[in-house]
Amino acid sequence: MDKKTQPIGFFDSGVGGLSVFARFREILPNENVLYFGDLLHLPYGNKSKNELVLFARNILNFYKSKDVKSVIIACNTSSAQAYETIKDEYDFKIYPIIQSCAKVIAESGVSRIGVFATEATVNSKKYTQEILKYNNNIQVREIACKDWVSLVENTAADIKKAKLSVKNKVTEMMEFKPDKIILGCTHFPYLIDELEQYASKDIYIDPAKIFVEFIKKDMKEKLNPDKNLGYEKFYVSSSPENFVKNSRIFYNVKSKPEIVKF
Ligand code: DGL
């Protein structure tokens with residue numbers, strides 16, 4: 001098969017990675033794309049490193065069987081906890097969201113950066129490490145936001161409590177006086193209506209655009225030359241109906257996802 005027409009695989013724990021996928025479709029509509037939502041293991045944010053490595057390996061092996069030309073880890077938690085362990089095990093390129101965006105963010109002229117992310121991402125300190133690699137004068141403050149993913153995936157046991165946590169975490173972050181706040185979990189851009197109640201919309205960075213621009217530049221030689229709209233196909237490890245229902249705010253998923261079990 002011609003490498004350039006081979007599909008690109010995306011994955012996330014659920015619908016959150018569609019924030020990256022949607023941007024990608026806008027910027028590179030000719031590419032053939034696959035999306036895997038690991039709903040069986042959602043949320044990733046409270047899982048151990050070993051579990052996250054196992055999930056990532058299973059998904060990457062699945063994509064290997066689909067003959068992909070590259071894989072996009074549209075999940076901060078997996079990029080933080082699994083990417084470094086598995087990155088050399090495959091002969092296609094793997095793009096992790098945090099490591100791919102850090103340079104642009106570090107060189108954007110800000111001196112105090114806040115990060116909202118899952119517990120596993122914050123525990124890894126990956127955002128801080130990657131940003132300081134490019135500019136060690138930046139102050140980074142990472143805050144774990146435990147209940148936020150459940151608000152987006154409609155799995156919150158107590159919606160009121162989860163919404164209150166958005167208010168509390170933003171208030172806590174604003175005490176740090178950040179110039180910008182990275183939404184360091186692909187689910188969080190979908191909470192923008194809540195988030196902007198407590199800090200101006202301009203302060204938040206959704207890394208999706210930076211990420212897709214990085215991939216576009218890096219894959220320059222490998223992009224699909226076909227002029228037609230590329231195909232898309234969705235896979236989930238569980239709950240296809242929930243995936244379609246919850247995806248509506250992010251992306252119009254037209255085809256029913258196929259269930260894949262490992
Ligand atoms: N959306 C993922 C991330 O970017 C993981 C969220 C979760 O499943 O906890 O970190």
# chains A, B, ... in the order shown; residues from 1 in each chain; ligands from 1

call {"tool": "select_by_dssp", "arguments": {"residues": "segment 141-233 of chain A", "states": "strand (DSSP E or B)", "output": "MDAnalysis selection string"}}
result
chainID A and resid 141:144 180:183 204:205 232:233

call {"tool": "write_last_selection", "arguments": {"atoms": "N, CA, C and O atoms", "output": "PDB file, in the first residue's frame"}}
result
ATOM      1  N   ARG A 141       2.542  25.783  37.295  1.00  0.00           N
ATOM      2  CA  ARG A 141       1.751  25.268  38.416  1.00  0.00           C
ATOM      3  C   ARG A 141       0.738  24.276  37.852  1.00  0.00           C
ATOM      4  O   ARG A 141      -0.090  24.640  37.020  1.00  0.00           O
ATOM      5  N   GLU A 142       0.852  23.009  38.259  1.00  0.00           N
ATOM      6  CA  GLU A 142      -0.076  21.986  37.756  1.00  0.00           C
ATOM      7  C   GLU A 142      -1.119  21.644  38.823  1.00  0.00           C
ATOM      8  O   GLU A 142      -0.758  21.419  39.975  1.00  0.00           O
ATOM      9  N   ILE A 143      -2.361  21.603  38.440  1.00  0.00           N
ATOM     10  CA  ILE A 143      -3.435  21.250  39.387  1.00  0.00           C
ATOM     11  C   ILE A 143      -4.256  20.086  38.807  1.00  0.00           C
ATOM     12  O   ILE A 143      -4.702  20.135  37.653  1.00  0.00           O
ATOM     13  N   ALA A 144      -4.422  19.050  39.618  1.00  0.00           N
ATOM     14  CA  ALA A 144      -5.205  17.882  39.185  1.00  0.00           C
ATOM     15  C   ALA A 144      -6.697  18.151  39.368  1.00  0.00           C
ATOM     16  O   ALA A 144      -7.122  18.655  40.402  1.00  0.00           O
ATOM     17  N   LYS A 180      -1.286  32.274  31.364  1.00  0.00           N
ATOM     18  CA  LYS A 180      -2.116  31.358  30.576  1.00  0.00           C
ATOM     19  C   LYS A 180      -2.353  30.085  31.380  1.00  0.00           C
ATOM     20  O   LYS A 180      -1.531  29.730  32.243  1.00  0.00           O
ATOM     21  N   ILE A 181      -3.438  29.393  31.068  1.00  0.00           N
ATOM     22  CA  ILE A 181      -3.725  28.100  31.708  1.00  0.00           C
ATOM     23  C   ILE A 181      -3.930  27.066  30.599  1.00  0.00           C
ATOM     24  O   ILE A 181      -4.808  27.230  29.737  1.00  0.00           O
ATOM     25  N   ILE A 182      -3.116  26.025  30.613  1.00  0.00           N
ATOM     26  CA  ILE A 182      -3.257  24.962  29.608  1.00  0.00           C
ATOM     27  C   ILE A 182      -4.365  24.008  30.043  1.00  0.00           C
ATOM     28  O   ILE A 182      -4.376  23.540  31.187  1.00  0.00           O
ATOM     29  N   LEU A 183      -5.268  23.732  29.124  1.00  0.00           N
ATOM     30  CA  LEU A 183      -6.272  22.699  29.388  1.00  0.00           C
ATOM     31  C   LEU A 183      -5.600  21.382  29.016  1.00  0.00           C
ATOM     32  O   LEU A 183      -5.656  20.929  27.867  1.00  0.00           O
ATOM     33  N   TYR A 204      -7.274  30.627  28.697  1.00  0.00           N
ATOM     34  CA  TYR A 204      -7.152  29.174  28.508  1.00  0.00           C
ATOM     35  C   TYR A 204      -6.508  28.827  27.165  1.00  0.00           C
ATOM     36  O   TYR A 204      -6.839  29.409  26.139  1.00  0.00           O
ATOM     37  N   ILE A 205      -5.604  27.843  27.204  1.00  0.00           N
ATOM     38  CA  ILE A 205      -5.007  27.327  25.959  1.00  0.00           C
ATOM     39  C   ILE A 205      -5.519  25.901  25.751  1.00  0.00           C
ATOM     40  O   ILE A 205      -5.307  25.033  26.595  1.00  0.00           O
ATOM     41  N   GLU A 232     -13.189   8.235   7.522  1.00  0.00           N
ATOM     42  CA  GLU A 232     -12.994   8.170   8.978  1.00  0.00           C
ATOM     43  C   GLU A 232     -13.731   6.955   9.519  1.00  0.00           C
ATOM     44  O   GLU A 232     -14.772   6.560   8.979  1.00  0.00           O
ATOM     45  N   LYS A 233     -13.153   6.361  10.558  1.00  0.00           N
ATOM     46  CA  LYS A 233     -13.783   5.185  11.140  1.00  0.00           C
ATOM     47  C   LYS A 233     -13.544   5.215  12.649  1.00  0.00           C
ATOM     48  O   LYS A 233     -12.469   5.613  13.099  1.00  0.00           O
TER      49      LYS A 233
END

call {"tool": "residues_near_ligand", "arguments": {"ligand": "ligand 1", "cutoff": "9 Å", "atoms": "only C-alpha atoms and all ligand atoms", "output": "number ranges by chain"}}
result
A: 12-17, 38-39, 41-47, 73-80, 97, 117-121, 146-150, 183-188

call {"tool": "write_last_selection", "arguments": {"atoms": "C-alpha atoms", "output": "JSON list (two decimals), in the first residue's frame"}}
result
[["chain", "number", "residue", "atom", "x", "y", "z"],
["A", 12, "ASP", "CA", -8.06, 8.69, 23.86],
["A", 13, "SER", "CA", -9.89, 7.20, 26.84],
["A", 14, "GLY", "CA", -13.21, 8.50, 25.50],
["A", 15, "VAL", "CA", -14.66, 11.37, 23.50],
["A", 16, "GLY", "CA", -12.10, 13.96, 24.73],
["A", 17, "GLY", "CA", -9.58, 13.24, 21.97],
["A", 38, "ASP", "CA", -11.07, 3.27, 25.23],
["A", 39, "LEU", "CA", -14.37, 3.58, 27.10],
["A", 41, "HIS", "CA", -10.97, 1.77, 30.82],
["A", 42, "LEU", "CA", -12.27, 5.33, 31.18],
["A", 43, "PRO", "CA", -11.19, 7.37, 33.09],
["A", 44, "TYR", "CA", -7.46, 7.07, 32.48],
["A", 45, "GLY", "CA", -6.71, 9.81, 35.02],
["A", 46, "ASN", "CA", -6.77, 7.52, 38.06],
["A", 47, "LYS", "CA", -4.93, 4.56, 36.51],
["A", 73, "ILE", "CA", -1.95, 10.08, 21.22],
["A", 74, "ALA", "CA", -4.81, 12.54, 21.67],
["A", 75, "CYS", "CA", -4.66, 11.92, 25.41],
["A", 76, "ASN", "CA", -2.45, 13.83, 27.83],
["A", 77, "THR", "CA", -2.54, 11.08, 30.46],
["A", 78, "SER", "CA", -1.27, 8.44, 28.07],
["A", 79, "SER", "CA", 1.33, 10.84, 26.62],
["A", 80, "ALA", "CA", 2.56, 11.55, 30.16],
["A", 97, "ILE", "CA", 0.21, 15.63, 22.75],
["A", 117, "ALA", "CA", -4.94, 17.98, 33.99],
["A", 118, "THR", "CA", -5.83, 14.55, 35.33],
["A", 119, "GLU", "CA", -4.20, 13.18, 38.50],
["A", 120, "ALA", "CA", -1.95, 10.81, 36.51],
["A", 121, "THR", "CA", -0.74, 13.65, 34.26],
["A", 146, "LYS", "CA", -10.40, 14.81, 39.45],
["A", 147, "ASP", "CA", -14.09, 15.04, 38.62],
["A", 148, "TRP", "CA", -13.99, 17.01, 35.39],
["A", 149, "VAL", "CA", -13.78, 14.12, 32.90],
["A", 150, "SER", "CA", -16.93, 12.60, 34.40],
["A", 183, "LEU", "CA", -6.27, 22.70, 29.39],
["A", 184, "GLY", "CA", -4.01, 19.68, 29.76],
["A", 185, "CYS", "CA", -6.69, 17.05, 29.30],
["A", 186, "THR", "CA", -8.48, 16.69, 25.98],
["A", 187, "HIS", "CA", -11.83, 16.59, 27.74],
["A", 188, "PHE", "CA", -11.46, 20.00, 29.37]]

call {"tool": "residues_around", "arguments": {"residues": "Phe243 of chain A", "least_positions_apart": "5", "cutoff": "9 Å", "atoms": "only C-alpha atoms", "output": "list in words"}}
result
Gly14, Val15, Gly37, Leu39, Glu153, Val236, Ser238, Arg248, Val253 and Pro257 of chain A

call {"tool": "residues_around", "arguments": {"residues": "segment 191-203 of chain A", "least_positions_apart": "6", "cutoff": "9 Å", "atoms": "only C-alpha atoms", "output": "ChimeraX atom specification"}}
result
/A:148,151-152,163,166-167,170-171,174,178-182

call {"tool": "closest_residue", "arguments": {"among": "A:Phe11, A:Phe21, A:Phe36, A:Tyr63", "to": "Pro96 of chain A", "atoms": "only C-alpha atoms"}}
result
A:Phe11

call {"tool": "residues_around", "arguments": {"residues": "Val110 of chain A", "least_positions_apart": "2", "cutoff": "9 Å", "atoms": "only C-alpha atoms", "output": "PyMOL selection string"}}
result
chain A and resi 105-108+112-113+138+178-180

call {"tool": "select_by_dssp", "arguments": {"residues": "segment 43-256 of chain A", "states": "alpha helix (DSSP H)", "output": "PyMOL selection string"}}
result
chain A and resi 49-65+76-81+83-86+97-106+119-124+126-134+148-152+159-174+192-195+208-218+240-247

call {"tool": "closest_residue", "arguments": {"among": "A:Tyr235, A:Tyr251, A:Phe116, A:Phe262", "to": "Tyr35 of chain A", "atoms": "only C-alpha atoms"}}
result
A:Tyr235

call {"tool": "closest_residue", "arguments": {"among": "A:Ala208, A:Leu18, A:Ile131, A:Cys145", "to": "Asn246 of chain A", "atoms": "only C-alpha atoms"}}
result
A:Leu18

call {"tool": "atom_distance", "arguments": {"atom1": "atom CA of Leu164 of chain A", "atom2": "atom CA of Val115 of chain A"}}
result
18.3 Å

call {"tool": "closest_residue", "arguments": {"among": "A:Ala22, A:Val122, A:Ile259, A:Val140", "to": "Lys177 of chain A", "atoms": "only C-alpha atoms"}}
result
A:Val140

call {"tool": "residues_around", "arguments": {"residues": "Glu31 of chain A", "least_positions_apart": "3", "cutoff": "8 Å", "atoms": "only C-alpha atoms", "output": "ChimeraX atom specification"}}
result
/A:5,7-8,25,28,223-224,229-231

call {"tool": "write_last_selection", "arguments": {"atoms": "C-alpha atoms", "output": "compact mmCIF listing (two decimals), in the first residue's frame"}}
result
# COMPACT_ATOMS: atom_id res chain seq x y z
CA THR A 5 -2.80 6.94 1.71
CA PRO A 7 -4.68 5.89 7.70
CA ILE A 8 -3.59 7.76 10.82
CA ARG A 25 -10.20 17.11 10.17
CA LEU A 28 -5.97 18.08 7.10
CA LEU A 223 0.65 13.59 3.84
CA ASN A 224 -2.00 12.13 1.56
CA LEU A 229 -12.17 14.05 1.73
CA GLY A 230 -10.44 11.22 3.63
CA TYR A 231 -12.47 8.45 5.22

call {"tool": "closest_residue", "arguments": {"among": "A:Ala157, A:Ile72, A:Val104, A:Leu34", "to": "Asn135 of chain A", "atoms": "only C-alpha atoms"}}
result
A:Val104
